[in-house]
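Data file: run_28.csv. Format and content: CSV, C-alpha atoms and all ligand atoms.
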chain,number,residue,atom,x,y,z
A,8,MET,CA,5.4,-12.4,8.6
A,9,TYR,CA,7.8,-11.1,6.0
A,10,ASP,CA,11.5,-10.5,6.7
A,11,LEU,CA,12.1,-6.8,7.0
A,12,SER,CA,15.9,-7.1,6.9
A,13,GLY,CA,17.4,-5.0,4.1
A,14,TYR,CA,14.2,-3.0,3.7
A,15,LYS,CA,14.8,0.6,4.7
A,16,ILE,CA,11.7,2.3,6.0
A,17,LYS,CA,13.4,5.2,7.7
A,18,ASP,CA,12.8,7.6,4.8
A,19,GLU,CA,9.5,6.2,3.6
A,20,PRO,CA,6.3,8.3,3.8
A,21,VAL,CA,3.6,7.8,6.4
A,22,ILE,CA,0.2,7.1,4.7
A,23,LEU,CA,-3.1,7.1,6.5
A,24,GLY,CA,-5.7,4.9,4.7
A,25,ILE,CA,-9.4,4.9,5.2
A,26,GLU,CA,-11.8,2.3,3.9
A,27,SER,CA,-15.6,2.5,4.1
A,28,SER,CA,-17.0,0.9,0.9
A,29,CYS,CA,-19.3,-1.7,2.6
A,30,ASP,CA,-20.0,-2.5,6.2
A,31,ASP,CA,-16.4,-2.1,7.7
A,32,THR,CA,-15.1,1.3,8.8
A,33,ALA,CA,-11.4,0.9,8.8
A,34,CYS,CA,-8.3,3.1,9.2
A,35,ALA,CA,-4.6,2.1,9.0
A,36,VAL,CA,-1.3,3.8,9.2
A,37,ILE,CA,1.6,2.5,7.2
A,38,LYS,CA,5.2,3.7,6.7
A,39,GLY,CA,6.4,2.5,3.3
A,40,ARG,CA,5.1,-1.1,3.2
A,41,CYS,CA,5.3,-1.5,6.9
A,42,VAL,CA,1.9,-1.6,8.7
A,43,LEU,CA,2.0,0.5,11.9
A,44,SER,CA,-1.6,0.0,12.8
A,45,ASP,CA,-4.7,-1.5,11.1
A,46,GLU,CA,-8.0,-0.8,12.9
A,47,VAL,CA,-11.5,-1.9,11.8
A,48,MET,CA,-15.0,-1.4,13.3
A,49,SER,CA,-17.5,-3.6,11.6
A,50,SER,CA,-21.2,-3.3,11.5
A,51,ALA,CA,-21.5,-7.0,10.2
A,52,ALA,CA,-23.0,-8.2,13.5
A,53,LEU,CA,-25.7,-5.5,13.1
A,54,MET,CA,-26.4,-6.7,9.6
A,55,GLU,CA,-26.7,-10.4,10.6
A,56,LYS,CA,-30.3,-9.9,11.7
A,57,TYR,CA,-31.2,-8.5,8.2
A,58,GLY,CA,-29.4,-11.3,6.4
A,59,GLY,CA,-27.1,-8.9,4.5
A,60,VAL,CA,-25.9,-5.3,4.3
A,61,VAL,CA,-28.5,-2.6,4.6
A,62,PRO,CA,-27.0,0.5,2.9
A,63,GLU,CA,-28.6,3.2,5.0
A,64,ILE,CA,-27.6,1.4,8.3
A,65,ALA,CA,-24.1,0.9,7.0
A,66,SER,CA,-23.7,4.6,6.2
A,67,ARG,CA,-24.9,5.6,9.6
A,68,ALA,CA,-22.5,3.1,11.3
A,69,HIS,CA,-19.6,4.6,9.2
A,70,THR,CA,-20.6,8.1,10.4
A,71,ASP,CA,-20.5,7.0,14.0
A,72,ALA,CA,-17.2,5.1,13.6
A,73,VAL,CA,-14.9,7.0,11.2
A,74,ASP,CA,-13.6,9.5,13.7
A,75,LEU,CA,-13.0,7.0,16.4
A,76,VAL,CA,-11.3,4.4,14.2
A,77,THR,CA,-9.0,7.0,12.9
A,78,LYS,CA,-8.0,8.2,16.4
A,79,LYS,CA,-7.4,4.5,17.4
A,80,ALA,CA,-5.2,3.9,14.3
A,81,LEU,CA,-3.0,6.9,15.0
A,82,GLU,CA,-2.8,6.0,18.7
A,83,LYS,CA,-1.8,2.3,17.9
A,84,ALA,CA,0.8,3.6,15.4
A,85,GLY,CA,2.1,5.9,18.2
A,86,LEU,CA,2.0,8.9,15.8
A,87,SER,CA,0.5,12.3,15.9
A,88,VAL,CA,-1.7,13.2,13.0
A,89,ARG,CA,1.0,15.8,12.1
A,90,CYS,CA,3.3,12.9,11.1
A,91,VAL,CA,1.0,11.9,8.2
A,92,ASP,CA,2.5,12.6,4.8
A,93,ALA,CA,-0.7,11.7,2.7
A,94,VAL,CA,-4.2,10.5,3.3
A,95,ALA,CA,-5.7,7.8,1.1
A,96,ALA,CA,-9.4,6.8,1.0
A,97,THR,CA,-11.5,4.5,-1.1
A,98,TYR,CA,-13.7,6.3,-3.6
A,99,GLY,CA,-15.2,3.3,-5.3
A,100,ALA,CA,-16.5,0.7,-6.0
A,101,GLY,CA,-19.0,0.1,-3.2
A,102,LEU,CA,-22.1,1.5,-1.6
A,103,LEU,CA,-22.4,5.2,-2.4
A,104,GLY,CA,-23.6,6.4,1.0
A,105,SER,CA,-20.9,4.3,2.7
A,106,LEU,CA,-18.1,5.5,0.4
A,107,LEU,CA,-19.1,9.1,0.9
A,108,VAL,CA,-18.4,9.0,4.6
A,109,GLY,CA,-14.8,7.7,4.4
A,110,LEU,CA,-14.0,9.7,1.3
A,111,SER,CA,-15.3,13.0,2.7
A,112,PHE,CA,-13.5,12.4,6.0
A,113,GLY,CA,-10.3,11.6,4.1
A,114,LYS,CA,-10.5,14.7,1.9
A,115,ALA,CA,-11.2,16.9,4.9
A,116,LEU,CA,-8.3,15.5,6.8
A,117,ALA,CA,-5.9,15.9,3.9
A,118,TYR,CA,-7.1,19.4,3.4
A,119,ALA,CA,-6.7,20.4,7.1
A,120,LEU,CA,-3.2,18.8,7.2
A,121,ARG,CA,-2.2,20.3,3.8
A,122,VAL,CA,-0.9,16.9,2.6
A,123,PRO,CA,-1.7,15.2,-0.7
A,124,PHE,CA,-5.0,13.3,-1.0
A,125,LEU,CA,-5.1,9.9,-2.8
A,126,ALA,CA,-8.5,8.5,-4.0
A,127,VAL,CA,-8.1,4.8,-4.1
A,128,ASN,CA,-9.9,2.2,-6.3
A,129,HIS,CA,-11.0,-0.5,-3.8
A,130,ILE,CA,-10.0,-3.3,-6.2
A,131,ARG,CA,-6.5,-1.9,-6.7
A,132,GLY,CA,-6.4,-1.9,-2.9
A,133,HIS,CA,-7.1,-5.6,-2.7
A,134,ILE,CA,-4.3,-6.2,-5.2
A,135,ALA,CA,-1.9,-4.0,-3.2
A,136,SER,CA,-2.5,-6.0,-0.1
A,137,ALA,CA,0.2,-8.4,-1.4
A,138,TYR,CA,2.9,-5.7,-1.1
A,139,LEU,CA,2.3,-5.6,2.6
A,140,GLU,CA,3.1,-9.3,2.9
A,141,ASP,CA,6.2,-8.9,0.8
A,142,PRO,CA,7.5,-5.4,0.4
A,143,ARG,CA,9.9,-6.5,-2.3
A,144,LEU,CA,7.1,-7.7,-4.6
A,145,MET,CA,7.5,-6.2,-8.0
A,146,PRO,CA,5.5,-6.6,-11.2
A,147,PRO,CA,4.9,-8.6,-13.2
A,148,PHE,CA,2.6,-10.8,-11.2
A,149,VAL,CA,-0.8,-12.5,-11.7
A,150,THR,CA,-3.5,-11.9,-9.1
A,151,LEU,CA,-6.6,-14.0,-8.3
A,152,LEU,CA,-9.1,-11.4,-7.0
A,153,ALA,CA,-12.0,-13.1,-5.3
A,154,SER,CA,-14.3,-10.9,-3.3
A,155,GLY,CA,-18.0,-10.2,-2.6
A,156,GLY,CA,-18.2,-7.8,-5.5
A,157,HIS,CA,-15.5,-9.0,-8.0
A,158,THR,CA,-14.0,-12.2,-9.4
A,159,ALA,CA,-11.2,-11.8,-11.8
A,160,ILE,CA,-7.7,-13.0,-12.8
A,161,LEU,CA,-5.5,-9.9,-13.3
A,162,HIS,CA,-2.1,-9.3,-14.7
A,163,THR,CA,0.0,-6.5,-13.3
A,164,VAL,CA,2.4,-6.1,-16.2
A,165,ASP,CA,4.4,-3.2,-14.7
A,166,GLU,CA,3.8,-0.1,-12.5
A,167,GLU,CA,1.5,1.4,-15.2
A,168,ARG,CA,0.0,-1.4,-17.1
A,169,PHE,CA,-2.7,-3.9,-16.0
A,170,GLU,CA,-4.7,-6.5,-17.9
A,171,VAL,CA,-7.9,-8.4,-17.0
A,172,LEU,CA,-7.2,-12.0,-18.1
A,173,ALA,CA,-10.6,-13.4,-17.1
A,174,GLU,CA,-13.6,-12.3,-15.0
A,175,THR,CA,-17.1,-13.4,-14.0
A,176,SER,CA,-19.9,-12.6,-16.3
A,177,ASP,CA,-22.5,-12.5,-13.5
A,178,ASP,CA,-22.2,-13.0,-9.7
A,179,ALA,CA,-19.0,-12.7,-7.9
A,180,VAL,CA,-17.7,-15.8,-6.1
A,181,GLY,CA,-18.2,-14.2,-2.6
A,182,GLU,CA,-21.8,-13.4,-3.5
A,183,ALA,CA,-22.2,-17.1,-4.5
A,184,PHE,CA,-20.8,-18.1,-1.1
A,185,ASP,CA,-23.3,-15.7,0.7
A,186,LYS,CA,-26.3,-17.0,-1.4
A,187,CYS,CA,-25.4,-20.6,-1.0
A,188,ALA,CA,-25.1,-20.0,2.8
A,189,ARG,CA,-28.6,-18.6,2.8
A,190,VAL,CA,-29.9,-21.7,1.0
A,191,LEU,CA,-28.3,-23.8,3.7
A,192,GLY,CA,-29.8,-21.7,6.4
A,193,LEU,CA,-26.5,-20.2,7.5
A,194,PRO,CA,-26.2,-16.6,8.8
A,195,TYR,CA,-24.5,-13.7,7.1
A,196,PRO,CA,-21.6,-13.4,6.2
A,197,GLY,CA,-21.9,-16.7,4.4
A,198,GLY,CA,-18.3,-17.4,3.4
A,199,PRO,CA,-16.8,-18.2,6.8
A,200,ASN,CA,-19.9,-20.2,7.8
A,201,ILE,CA,-19.7,-22.3,4.6
A,202,GLN,CA,-16.1,-22.9,5.3
A,203,ARG,CA,-16.8,-24.1,8.9
A,204,LEU,CA,-19.6,-26.4,7.6
A,205,ALA,CA,-17.6,-27.7,4.7
A,206,LYS,CA,-15.0,-29.1,7.0
A,207,GLU,CA,-17.5,-31.6,8.4
A,208,GLY,CA,-18.4,-32.9,4.9
A,209,SER,CA,-16.8,-34.1,1.7
A,210,ALA,CA,-17.1,-33.0,-1.9
A,211,THR,CA,-19.2,-35.9,-3.1
A,212,ILE,CA,-21.9,-34.0,-5.0
A,213,THR,CA,-21.0,-32.9,-8.6
A,214,PHE,CA,-22.1,-29.3,-9.1
A,215,PRO,CA,-21.4,-27.6,-12.5
A,216,SER,CA,-18.1,-25.9,-12.7
A,217,ALA,CA,-18.0,-22.1,-12.4
A,218,GLU,CA,-16.1,-21.9,-15.7
A,219,VAL,CA,-17.6,-20.9,-19.0
A,220,ARG,CA,-15.6,-21.2,-22.2
A,221,ASP,CA,-17.1,-19.3,-25.1
A,222,LYS,CA,-15.3,-18.9,-28.4
A,223,SER,CA,-13.5,-15.7,-27.6
A,224,ALA,CA,-12.5,-15.9,-24.0
A,225,LEU,CA,-12.5,-17.7,-20.7
A,226,ARG,CA,-15.2,-16.4,-18.3
A,227,PHE,CA,-16.5,-17.5,-14.9
A,228,SER,CA,-20.2,-17.7,-14.0
A,229,TYR,CA,-21.5,-18.2,-10.5
A,230,SER,CA,-25.3,-17.8,-11.1
A,231,GLY,CA,-25.6,-21.3,-12.6
A,232,LEU,CA,-23.7,-22.9,-9.7
A,233,LYS,CA,-25.9,-21.0,-7.1
A,234,THR,CA,-29.1,-22.2,-8.9
A,235,SER,CA,-27.8,-25.7,-9.1
A,236,VAL,CA,-27.2,-25.8,-5.3
A,237,MET,CA,-30.7,-24.4,-4.8
A,238,ASN,CA,-32.3,-27.0,-7.1
A,239,TYR,CA,-30.4,-29.8,-5.4
A,240,CYS,CA,-31.7,-28.8,-2.0
A,241,GLN,CA,-35.3,-28.2,-3.2
A,242,ARG,CA,-35.4,-31.6,-5.0
A,243,ALA,CA,-34.3,-33.4,-1.9
A,244,GLU,CA,-36.9,-31.6,0.1
A,245,GLN,CA,-39.6,-32.5,-2.4
A,246,ARG,CA,-38.5,-36.2,-2.2
A,247,GLY,CA,-38.5,-36.0,1.6
A,248,THR,CA,-34.8,-37.0,1.8
A,249,ALA,CA,-32.4,-35.3,4.1
A,250,VAL,CA,-29.7,-33.1,2.6
A,251,ASP,CA,-26.3,-33.5,4.0
A,252,ARG,CA,-25.6,-29.8,4.3
A,253,ALA,CA,-21.9,-30.3,5.0
A,254,ASP,CA,-21.4,-32.3,1.8
A,255,VAL,CA,-23.3,-29.5,-0.1
A,256,ALA,CA,-21.0,-26.9,1.5
A,257,ALA,CA,-17.8,-28.9,0.6
A,258,SER,CA,-19.0,-29.7,-2.9
A,259,PHE,CA,-20.0,-26.1,-3.6
A,260,THR,CA,-16.7,-24.8,-2.3
A,261,LYS,CA,-14.8,-27.2,-4.7
A,262,ALA,CA,-16.9,-26.3,-7.7
A,263,ALA,CA,-16.5,-22.5,-6.9
A,264,ILE,CA,-12.8,-22.5,-6.3
A,265,ASP,CA,-11.1,-25.2,-8.3
A,266,PRO,CA,-11.5,-23.4,-11.7
A,267,LEU,CA,-10.2,-20.1,-10.2
A,268,VAL,CA,-7.0,-21.8,-8.9
A,269,LYS,CA,-6.4,-23.9,-12.0
A,270,ARG,CA,-6.8,-20.9,-14.4
A,271,THR,CA,-4.8,-18.5,-12.3
A,272,VAL,CA,-1.8,-20.9,-12.4
A,273,GLU,CA,-2.3,-21.6,-16.1
A,274,PHE,CA,-2.2,-17.9,-16.9
A,275,ALA,CA,0.9,-17.3,-14.8
A,276,LEU,CA,2.7,-20.2,-16.6
A,277,ALA,CA,1.5,-19.2,-20.1
A,278,LEU,CA,2.7,-15.6,-19.5
A,279,GLY,CA,6.0,-16.7,-18.0
A,280,VAL,CA,5.1,-14.8,-14.8
A,281,GLU,CA,6.8,-16.3,-11.7
A,282,THR,CA,4.7,-14.7,-8.9
A,283,VAL,CA,1.0,-15.3,-8.1
A,284,THR,CA,-0.9,-13.2,-5.5
A,285,CYS,CA,-4.4,-13.4,-4.1
A,286,GLY,CA,-6.8,-10.8,-2.7
A,287,GLY,CA,-10.4,-10.3,-1.6
A,288,GLY,CA,-12.5,-11.9,1.1
A,289,VAL,CA,-12.7,-15.3,-0.5
A,290,ALA,CA,-8.9,-15.5,-0.5
A,291,ALA,CA,-9.3,-16.0,3.2
A,292,ASN,CA,-10.9,-19.4,2.4
A,293,GLU,CA,-8.9,-22.3,3.8
A,294,TYR,CA,-9.6,-24.5,0.8
A,295,LEU,CA,-8.6,-21.8,-1.7
A,296,ARG,CA,-5.4,-21.1,0.2
A,297,ALA,CA,-4.5,-24.8,0.5
A,298,GLU,CA,-5.3,-25.5,-3.2
A,299,MET,CA,-3.5,-22.4,-4.5
A,300,SER,CA,-0.4,-23.2,-2.3
A,301,ARG,CA,-0.4,-26.8,-3.6
A,302,ALA,CA,-0.8,-25.8,-7.3
A,303,CYS,CA,1.8,-23.0,-7.1
A,304,SER,CA,4.4,-25.2,-5.4
A,305,GLU,CA,3.7,-28.0,-7.9
A,306,HIS,CA,4.6,-25.6,-10.8
A,307,GLY,CA,7.4,-23.7,-9.1
A,308,LEU,CA,5.5,-20.4,-8.8
A,309,LYS,CA,6.0,-18.0,-5.9
A,310,LEU,CA,2.7,-17.4,-4.0
A,311,ILE,CA,1.9,-14.4,-1.9
A,312,LEU,CA,-1.2,-14.9,0.2
A,313,PRO,CA,-2.2,-11.9,2.3
A,314,ALA,CA,-2.8,-12.5,6.0
A,315,LEU,CA,-6.5,-13.4,6.7
A,316,ALA,CA,-7.4,-9.9,7.9
A,317,ARG,CA,-5.9,-8.3,4.8
A,318,CYS,CA,-8.0,-10.5,2.5
A,319,THR,CA,-11.3,-9.1,3.7
A,320,ASP,CA,-11.9,-5.3,3.5
A,321,ASN,CA,-9.2,-3.4,5.4
A,322,ALA,CA,-7.6,0.0,5.4
A,323,ALA,CA,-4.0,-1.2,5.2
A,324,MET,CA,-4.6,-2.3,1.6
A,325,ILE,CA,-6.0,1.1,0.8
A,326,ALA,CA,-2.9,2.8,2.3
A,327,SER,CA,-0.7,0.4,0.4
A,328,GLU,CA,-2.3,1.4,-3.0
A,329,GLY,CA,-2.1,5.0,-1.7
A,330,TYR,CA,1.6,4.5,-1.3
A,331,ASN,CA,1.9,3.3,-4.9
A,332,MET,CA,0.1,6.4,-6.1
A,333,TYR,CA,2.1,8.7,-3.7
A,334,ILE,CA,5.5,7.6,-5.0
A,335,ARG,CA,4.3,8.2,-8.6
A,336,GLY,CA,2.9,11.6,-7.7
A,337,MET,CA,-0.6,10.5,-8.6
A,338,PHE,CA,-2.4,12.9,-6.2
A,339,SER,CA,-6.2,13.4,-6.4
A,340,GLY,CA,-8.1,16.6,-6.4
A,341,MET,CA,-10.6,17.6,-3.8
A,342,SER,CA,-13.4,17.3,-6.4
A,343,LYS,CA,-12.9,13.6,-6.6
A,344,ASN,CA,-16.4,12.0,-6.0
A,345,ALA,CA,-17.5,8.6,-4.8
A,346,ALA,CA,-18.6,6.1,-7.4
A,347,ALA,CA,-20.7,3.0,-6.8
A,348,ARG,CA,-19.3,1.3,-9.9
A,349,ILE,CA,-15.9,1.9,-11.5
A,350,PRO,CA,-14.0,-0.1,-14.0
A,351,LEU,CA,-11.2,-2.4,-12.6
A,352,TRP,CA,-8.6,-0.1,-14.1
O,401,LIG,O1,-13.3,-8.4,0.0
O,401,LIG,P1,-14.5,-8.5,0.8
O,401,LIG,O2,-14.3,-8.3,2.3
O,401,LIG,O3,-15.5,-7.4,0.4
O,401,LIG,C1,-15.7,-7.0,-1.0
O,401,LIG,O4,-14.9,-6.3,-1.5
O,401,LIG,O5,-16.7,-7.6,-1.6
O,401,LIG,O6,-15.2,-9.9,0.5
O,401,LIG,C2,-16.4,-10.2,1.2
O,401,LIG,C3,-16.8,-11.6,0.7
O,401,LIG,C4,-18.1,-12.1,1.3
O,401,LIG,O7,-18.9,-12.5,0.2
O,401,LIG,C5,-17.7,-13.2,2.2
O,401,LIG,O8,-18.7,-14.2,2.4
O,401,LIG,C6,-16.5,-13.7,1.6
O,401,LIG,O9,-15.8,-12.6,1.1
O,401,LIG,N1,-15.6,-14.4,2.5
O,401,LIG,C7,-15.3,-15.8,2.4
O,401,LIG,C8,-14.5,-16.1,3.5
O,401,LIG,N2,-14.4,-15.0,4.3
O,401,LIG,C9,-15.0,-14.0,3.7
O,401,LIG,N3,-15.7,-16.7,1.5
O,401,LIG,C10,-15.2,-17.9,1.6
O,401,LIG,N4,-14.5,-18.3,2.7
O,401,LIG,C11,-14.1,-17.5,3.7
O,401,LIG,N5,-13.4,-17.9,4.7
O,402,ZN,ZN,-13.3,-5.7,-0.9

Taking this structure as input, can you express it in the form of structure tokens?
Ligand code: KG4
Ligand code: ZN
Amino acid sequence: MYDLSGYKIKDEPVILGIESSCDDTACAVIKGRCVLSDEVMSSAALMEKYGGVVPEIASRAHTDAVDLVTKKALEKAGLSVRCVDAVAATYGAGLLGSLLVGLSFGKALAYALRVPFLAVNHIRGHIASAYLEDPRLMPPFVTLLASGGHTAILHTVDEERFEVLAETSDDAVGEAFDKCARVLGLPYPGGPNIQRLAKEGSATITFPSAEVRDKSALRFSYSGLKTSVMNYCQRAEQRGTAVDRADVAASFTKAAIDPLVKRTVEFALALGVETVTCGGGVAANEYLRAEMSRACSEHGLKLILPALARCTDNAAMIASEGYNMYIRGMFSGMSKNAAARIPLW
């Protein structure tokens, strides 16, 4: 937990955040950077039997949960809905039907309360989760964003300027974890299950690195790595030899994560930026967290790792980015629509 001494929250606004971009319906209440409540109702268990998220089922689950989760968040925060100064909700990127539920609910709530509405970019939310860990965080900082939908190294230059330093040219790293899990016969969601299995093995198999260097820029690519894991398992099956699944999980994890850690630290050093942050579901990975901590301390960089529950999708991060928008007066109109795909910035 961060030290709140010296951080004055008395006059800070109360922001209610809503997140519904995938299979988690979440609502959080924050005051300034201080999280008063952070509730989530997940339909992940329901999706397990389908081996992934079914959009229509996810939308229906959001419809059932959004009202309840909001009531719970206000109750846990010990606040009446009248104390809310602004409502923030994710408008993209994500599953359209899912986004529409949280976004419409958020707009209606803001309209009824006559408070500003803040339409939040989900990715910016993941980046803003670091502010909840350390309310004194200020740009510039470099972020490793590693989620199920995105993989990028980003530079927050100042309050207004952001740069994409490197990103994936195909699959996201979380997607690769989920696909590799399927190849190894592990249930959805794959990331945490690969992590569990990897602990029983060692990274003895050399899979191709997830890094691609073309002439112009550094890129990541996860489709090659995923295919290589698939081929390795199929070849062993054809030969009739047993695959050590734990070694595959550990070796895949290393190949997927090492280049992300190495390049994030290199970018921070090259830019003269002293702070590194992480965000996205894969930032919950123990190996990533240990490697990033080791590399940052080796190079004298300050690292901000969000708590595990703030790496995967949550509403506190949406409220946190809502706060950034609120203090800059970046209010959204009621005509703001949901969008399945939006640029990072
Ligand atoms: O950020 P997130 O909750 O949703 C998106 O915005 O995509 O990320 C979900 C992804 C999934 O692919 C999941 O398998 C992965 O994060 N994930 C993990 C771990 N926990 C979640 N990957 C590796 N290790 C974990 N411990
Ligand atoms: Zn996410």

Counting all atoms listed in the file, which residue out of A:Ala188, A:Ser300, A:Ser223, A:Arg121 sits closest to Met237 (chain A)?
A:Ala188

With a cut-off of 6 Å, could you pull out the residues of chain A touching ligand LIG 401 (chain O) and give me the nearest pair of atoms for each, distance in Å to one decimal, using all atoms listed in the file, ordered by chain and ascending number, as a Markdown table?
| residue | atom | partner | partner_atom | distance |
| --- | --- | --- | --- | --- |
| A:Ser154 | CA | O:LIG401 | O6 | 4.0 |
| A:Gly155 | CA | O:LIG401 | O5 | 3.1 |
| A:Gly156 | CA | O:LIG401 | O5 | 4.2 |
| A:Gly181 | CA | O:LIG401 | O7 | 3.3 |
| A:Glu182 | CA | O:LIG401 | O7 | 4.8 |
| A:Phe184 | CA | O:LIG401 | O8 | 5.6 |
| A:Asp185 | CA | O:LIG401 | O8 | 5.1 |
| A:Pro196 | CA | O:LIG401 | O8 | 4.8 |
| A:Gly197 | CA | O:LIG401 | O8 | 4.5 |
| A:Gly198 | CA | O:LIG401 | N3 | 3.3 |
| A:Pro199 | CA | O:LIG401 | N5 | 4.0 |
| A:Gln202 | CA | O:LIG401 | N4 | 5.5 |
| A:Gly287 | CA | O:LIG401 | O1 | 3.8 |
| A:Gly288 | CA | O:LIG401 | O9 | 3.4 |
| A:Val289 | CA | O:LIG401 | N3 | 3.9 |
| A:Ala291 | CA | O:LIG401 | N5 | 4.8 |
| A:Asn292 | CA | O:LIG401 | N5 | 3.7 |
| A:Thr319 | CA | O:LIG401 | O2 | 3.4 |
| A:Asp320 | CA | O:LIG401 | O2 | 4.0 |

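Rounded to one decimal, CA of Met48 (chain A) and CA of Glu82 (chain A) lie 15.3 Å from each other.
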
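The residue that comes closest to Ala262 (chain A), out of A:Ala243, A:Ser216, A:Ala277, A:Thr234 and on the basis of all atoms listed in the file, is A:Ser216.
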
For a cutoff of 12 Å around the file-coordinate point (5.4, -9.6, -6.1), which residues qualify once you count all atoms listed in the file? I'd like the result as an NGL selection string.
:A and (134-150 or 162-166 or 280-285 or 308-313)

Given the choices A:Val250, A:Ala119, A:Ala153, A:Val108, which gets closest to ligand ZN 402 (chain O) if the distance is worked out from only C-alpha atoms and all ligand atoms?
A:Ala153

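CA of Leu43 (chain A) sits 15.1 Å away from CA of Ala314 (chain A).
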
So that I can check the surroundings of Asp254 (chain A), please list as an MDAnalysis selection string every protein, DNA and RNA residue that reaches within 6 Å of it, counting all atoms listed in the file and ignoring chain neighbours fewer than 2 positions away.
chainID A and resid 208:210 251:252 256:258

For CA of Val61 (chain A) and CA of Lys186 (chain A), the interatomic separation in Å (one decimal):
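Separating CA of Val61 (chain A) from CA of Lys186 (chain A) is a distance of 15.8 Å.
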
Using only C-alpha atoms, which residue out of A:Ala52, A:Val88, A:Leu125, A:Ala297 lies closest to Pro194 (chain A)?
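Closest residue, counting only C-alpha atoms: A:Ala52.
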
Long-range neighbours of region 62-68 of chain A as a list in words, 6 Å cut-off, all atoms listed in the file, 2 positions minimum in chain
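Once the adjacent positions are removed, what remains is Asp30, Thr70, Asp71, Gly104 and Ser105 of chain A.
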
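Residue nearest Glu298 (chain A) within the list A:Val171, A:Ala72, A:Ala326, A:Leu267: A:Leu267 [criterion: smallest interatomic distance, all atoms listed in the file].
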
Proximity to Ala275 (chain A) - best of A:Lys79, A:Ile22, A:Gly307, A:Val219, all atoms listed in the file:
A:Gly307

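Neighbours of Ser111 (chain A) closer than or equal to 10 Å, with all atoms listed in the file counted and sequence neighbours fewer than 5 positions away skipped, come out as Ala96, Tyr98, Leu106, Leu116, Ala117, Met341, Lys343, Asn344 and Ala345 of chain A.
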
Using only C-alpha atoms, which residues sit within 9 Å of Ala323 (chain A) once same-chain residues fewer than 2 positions away are excluded, as a PyMOL selection string?
chain A and resi 23-26+33-37+42+44-46+132+136+139+317+321+325-328
